[in-house]
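Single-structure report; data block below.
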Amino acid sequence: MLERLTKTQTLSKTRYHVSLAVDDGEIREAQRLRHTVFVEEMGACLPTVLPGHDIDLYDPYCDHLLVRELATGEVVGTYRILTPEAAQRVGSYYSEQEFDLTRLHFLRPRMAELGRSCVHPAHRSGTVLARLWMGLADYMTRYDYEYVVGCASISMADGGHLAARVYRELADRHLAPVEWRATPRNRLPVERLDDGQAASLPALIKGYTRLGALMCGEPAWDPDFNTADLLMLLPMAQLNRSYARRFIS
């Protein structure tokens, strides 16, 4: 079972440990990592009430998944999870800022949202992401949520050409049925940006699709992060278990 790591826990032979944040101090660690990755590395323009931290109004309503390097005690990976009950309390899912989710209305009571995924640049071998997915799998199983939704981001550093290629690639093989489509509020003009070159899927999106996730339609442009965001939906009943076993126990 996914556990909440205490400060006094004995270090194991495993380099990384995945757990849920237990207090505001651990959430602050996740927020500092997010600031390091999104603002300092990627150049996102994010308002915050605390310098050096990425904080928004959804954080107090979320469970925060942490991967900690045990040798140093440093948080090197994080995801946040917004349950359907918490989304009702805060008033919306985070992704509703970018997409109209009207067609997903009937999934909401069983749909958890993932967001703010990031890994420290010195720990991107794939192991930390696998640990995060182990924690997510445990969480989804424990609370019996049937759908996972969330935005997968693609850098706009090249003007959006990569995002358009990735959309074309996913539209051919991983497009959700029409009843699970979402409409971007700030649509990326993929028809103007697609240069016809072969698409190289970002690692996170490739992992999602191999797990069985579907793309819910066209990408939205997020000006704060300067990314193109694809809404991805994973019905747990369609989870590719043979692939998932490579990452989760």
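Identifiers in the structure tokens: chain A, B, ... in order shown; residue index from 1 per chain; ligand index from 1 in order shown.
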
Counting only C-alpha atoms, which residues in stretch 109-153 of chain A sit no more than 12 Å from stretch 180-202 of chain A? For each one, give the nearest pair of atoms and the distance in Å, sorted by chain then residue number, as a tab-separated table.
```
residue	atom	partner	partner_atom	distance
A:Tyr147	CA	A:Trp180	CA	11.4
A:Val149	CA	A:Trp180	CA	10.8
A:Gly150	CA	A:Ala182	CA	11.6
A:Cys151	CA	A:Pro184	CA	11.3
A:Ala152	CA	A:Pro202	CA	9.4
A:Ser153	CA	A:Pro202	CA	9.0
```

Closest atom pairs, stretch 95-125 of chain A residues within 10 Å of stretch 39-61 of chain A, only C-alpha atoms, as CSV:
```
residue,atom,partner,partner_atom,distance
A:Arg116,CA,A:Asp54,CA,9.5
A:His120,CA,A:Glu41,CA,9.9
A:Pro121,CA,A:Glu41,CA,8.8
```

Expected file contents, prior selection, N, CA and C atoms, as a CSV table (one decimal), in the first residue's frame:
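Ended up saving to part25.csv:
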```csv
chain,number,residue,atom,x,y,z
A,116,ARG,N,0.5,18.8,-12.6
A,116,ARG,CA,1.7,19.3,-12.1
A,116,ARG,C,2.8,18.2,-12.0
A,120,HIS,N,12.9,16.3,-11.1
A,120,HIS,CA,14.2,17.1,-11.1
A,120,HIS,C,15.1,16.7,-12.3
A,121,PRO,N,15.7,17.7,-12.9
A,121,PRO,CA,16.5,17.4,-14.1
A,121,PRO,C,17.7,16.5,-13.8
```

- Message: Set the distance at 7 Å and use only C-alpha atoms: which residues neighbour stretch 110-114 of chain A once local chain neighbours fewer than 3 positions away are removed? I'd like the list as a list of chain:residue names.
- Response: A:Tyr79, A:Arg80, A:Ile81, A:Leu82, A:Thr83, A:Pro84, A:Leu107, A:Tyr145, A:Glu146, A:Tyr147, A:Val148, A:Val149, A:Gly150

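For the residues A:Ser117, A:Glu218, A:Leu132, A:Asp24, ranking by smallest atom-to-atom distance to A:Arg165 using only C-alpha atoms places A:Glu218 first.
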
- With distances taken over only C-alpha atoms, the candidate from A:Thr209, A:Thr102, A:Gln31, A:Thr78 nearest A:Arg173 is A:Thr209

- Task: Assign secondary structure with DSSP using the backbone only, and return the residues of stretch 9-231 of chain A in alpha helix (DSSP H) as a PyMOL selection string.
- Result: chain A and resi 24-34+84-90+127-143+161-173+190-193+203-211

If you count only C-alpha atoms, which residues fall within 10 Å of A:His123, apart from same-chain ones fewer than 3 positions away, as a short mmCIF file (atom, residue, chain, number, x, y, z; two decimals) with C-alpha atoms, in the first residue's frame?
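Generated output (part.cif):
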```cif
data_model
loop_
_atom_site.label_atom_id
_atom_site.label_comp_id
_atom_site.auth_asym_id
_atom_site.auth_seq_id
_atom_site.Cartn_x
_atom_site.Cartn_y
_atom_site.Cartn_z
CA GLU A 69 15.76 10.37 -2.87
CA VAL A 76 12.90 14.79 -6.84
CA GLY A 77 9.51 13.96 -8.37
CA VAL A 119 10.96 15.34 -12.16
CA HIS A 120 14.16 17.09 -11.09
CA GLY A 126 13.01 7.00 -15.94
CA THR A 127 13.17 5.46 -12.48
CA VAL A 128 11.51 8.43 -10.73
CA LEU A 129 8.65 8.49 -13.24
#
```

- Item | Per-residue DSSP, stretch 75-170 of chain A, filtered to strand (DSSP E or B), as a ChimeraX atom specification | /A:75-82,99-100,111-119,147-155

Residues from the last selection, C-alpha atoms, saved as a short mmCIF file (atom, residue, chain, number, x, y, z; two decimals), in the first residue's frame:
```
data_model
loop_
_atom_site.label_atom_id
_atom_site.label_comp_id
_atom_site.auth_asym_id
_atom_site.auth_seq_id
_atom_site.Cartn_x
_atom_site.Cartn_y
_atom_site.Cartn_z
CA VAL A 75 11.97 15.50 -3.21
CA VAL A 76 12.90 14.79 -6.84
CA GLY A 77 9.51 13.96 -8.37
CA THR A 78 5.91 14.92 -7.79
CA TYR A 79 2.36 14.56 -9.09
CA ARG A 80 -0.78 15.98 -7.60
CA ILE A 81 -4.12 14.19 -7.56
CA LEU A 82 -7.49 15.93 -7.48
CA PHE A 99 -10.92 22.59 -21.88
CA ASP A 100 -14.70 22.36 -21.94
CA MET A 111 -12.78 10.47 -12.42
CA ALA A 112 -9.57 11.62 -10.69
CA GLU A 113 -7.36 14.29 -12.22
CA LEU A 114 -3.57 14.26 -12.40
CA GLY A 115 -1.48 17.40 -12.74
CA ARG A 116 1.75 19.30 -12.12
CA SER A 117 3.90 16.28 -12.97
CA CYS A 118 7.61 16.99 -12.85
CA VAL A 119 10.96 15.34 -12.16
CA TYR A 147 -10.97 7.10 -14.92
CA VAL A 148 -7.85 9.24 -14.82
CA VAL A 149 -7.76 12.55 -16.69
CA GLY A 150 -5.07 15.18 -17.02
CA CYS A 151 -3.17 17.52 -19.31
CA ALA A 152 0.02 16.33 -21.00
CA SER A 153 2.19 19.29 -21.95
CA ILE A 154 4.41 19.82 -25.00
CA SER A 155 6.89 22.68 -25.14
#
```

- Message: What does the structure give for the distance between atom CA of A:Pro235 and atom CA of A:Asp144, in Å to one decimal?
- Response: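 Separation of atom CA of A:Pro235 and atom CA of A:Asp144: 11.8 Å.
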
- Message: Quick one: residues within 10 Å of A:Leu136, only C-alpha atoms, excluding same-chain residues fewer than 2 positions away - as JSON, numbers by chain?
- Response: {"A": [2, 18, 19, 65, 79, 80, 81, 114, 130, 131, 132, 133, 134, 138, 139, 140, 141, 142, 148, 248]}

Filtering to N, CA and C atoms, could you give me those residues as a PDB file, in the first residue's frame?
```pdb
ATOM      1  N   LEU A   2       0.378   2.295  -0.657  1.00  0.00           N
ATOM      2  CA  LEU A   2       1.083   3.563  -0.663  1.00  0.00           C
ATOM      3  C   LEU A   2       1.085   4.126   0.740  1.00  0.00           C
ATOM      4  N   VAL A  18       8.400   6.427  -2.783  1.00  0.00           N
ATOM      5  CA  VAL A  18       7.205   7.177  -3.172  1.00  0.00           C
ATOM      6  C   VAL A  18       6.223   7.191  -2.012  1.00  0.00           C
ATOM      7  N   SER A  19       5.622   8.336  -1.752  1.00  0.00           N
ATOM      8  CA  SER A  19       4.688   8.482  -0.641  1.00  0.00           C
ATOM      9  C   SER A  19       3.781   9.667  -0.909  1.00  0.00           C
ATOM     10  N   LEU A  65       1.646  13.523  -4.421  1.00  0.00           N
ATOM     11  CA  LEU A  65       2.497  12.343  -4.483  1.00  0.00           C
ATOM     12  C   LEU A  65       3.950  12.797  -4.616  1.00  0.00           C
ATOM     13  N   TYR A  79       3.639  14.518  -8.367  1.00  0.00           N
ATOM     14  CA  TYR A  79       2.364  14.558  -9.087  1.00  0.00           C
ATOM     15  C   TYR A  79       1.350  15.051  -8.067  1.00  0.00           C
ATOM     16  N   ARG A  80       0.306  15.710  -8.521  1.00  0.00           N
ATOM     17  CA  ARG A  80      -0.783  15.980  -7.602  1.00  0.00           C
ATOM     18  C   ARG A  80      -2.061  15.341  -8.144  1.00  0.00           C
ATOM     19  N   ILE A  81      -2.913  14.932  -7.223  1.00  0.00           N
ATOM     20  CA  ILE A  81      -4.123  14.193  -7.562  1.00  0.00           C
ATOM     21  C   ILE A  81      -5.324  14.943  -6.999  1.00  0.00           C
ATOM     22  N   LEU A 114      -4.994  14.141 -12.678  1.00  0.00           N
ATOM     23  CA  LEU A 114      -3.569  14.257 -12.402  1.00  0.00           C
ATOM     24  C   LEU A 114      -3.059  15.594 -12.931  1.00  0.00           C
ATOM     25  N   ALA A 130       8.742   6.067 -13.033  1.00  0.00           N
ATOM     26  CA  ALA A 130       8.177   4.750 -12.731  1.00  0.00           C
ATOM     27  C   ALA A 130       7.677   4.690 -11.292  1.00  0.00           C
ATOM     28  N   ARG A 131       8.423   5.305 -10.366  1.00  0.00           N
ATOM     29  CA  ARG A 131       7.980   5.343  -8.967  1.00  0.00           C
ATOM     30  C   ARG A 131       6.687   6.142  -8.819  1.00  0.00           C
ATOM     31  N   LEU A 132       6.594   7.252  -9.536  1.00  0.00           N
ATOM     32  CA  LEU A 132       5.364   8.033  -9.489  1.00  0.00           C
ATOM     33  C   LEU A 132       4.185   7.198  -9.988  1.00  0.00           C
ATOM     34  N   TRP A 133       4.385   6.461 -11.061  1.00  0.00           N
ATOM     35  CA  TRP A 133       3.300   5.641 -11.591  1.00  0.00           C
ATOM     36  C   TRP A 133       2.953   4.499 -10.642  1.00  0.00           C
ATOM     37  N   MET A 134       3.943   3.972  -9.935  1.00  0.00           N
ATOM     38  CA  MET A 134       3.638   2.968  -8.909  1.00  0.00           C
ATOM     39  C   MET A 134       2.697   3.549  -7.860  1.00  0.00           C
ATOM     40  N   ASP A 138      -1.318   2.508  -7.100  1.00  0.00           N
ATOM     41  CA  ASP A 138      -1.769   2.127  -5.769  1.00  0.00           C
ATOM     42  C   ASP A 138      -2.934   3.009  -5.325  1.00  0.00           C
ATOM     43  N   TYR A 139      -2.821   4.294  -5.583  1.00  0.00           N
ATOM     44  CA  TYR A 139      -3.859   5.253  -5.188  1.00  0.00           C
ATOM     45  C   TYR A 139      -5.170   4.949  -5.902  1.00  0.00           C
ATOM     46  N   MET A 140      -5.105   4.745  -7.219  1.00  0.00           N
ATOM     47  CA  MET A 140      -6.311   4.495  -7.987  1.00  0.00           C
ATOM     48  C   MET A 140      -6.971   3.191  -7.565  1.00  0.00           C
ATOM     49  N   THR A 141      -6.158   2.184  -7.258  1.00  0.00           N
ATOM     50  CA  THR A 141      -6.693   0.899  -6.830  1.00  0.00           C
ATOM     51  C   THR A 141      -7.347   1.019  -5.458  1.00  0.00           C
ATOM     52  N   ARG A 142      -6.678   1.738  -4.548  1.00  0.00           N
ATOM     53  CA  ARG A 142      -7.194   1.859  -3.180  1.00  0.00           C
ATOM     54  C   ARG A 142      -8.546   2.548  -3.147  1.00  0.00           C
ATOM     55  N   VAL A 148      -8.882   8.265 -15.146  1.00  0.00           N
ATOM     56  CA  VAL A 148      -7.846   9.244 -14.821  1.00  0.00           C
ATOM     57  C   VAL A 148      -7.788  10.234 -15.979  1.00  0.00           C
ATOM     58  N   ILE A 248       4.865  -0.860 -12.599  1.00  0.00           N
ATOM     59  CA  ILE A 248       4.181  -0.936 -11.323  1.00  0.00           C
ATOM     60  C   ILE A 248       4.172  -2.362 -10.828  1.00  0.00           C
TER      61      ILE A 248
END
```

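Across A:Leu170, A:Leu70, A:Met215, A:Ala220, the tightest approach to A:Leu234 is made by A:Met215 when counting only C-alpha atoms.
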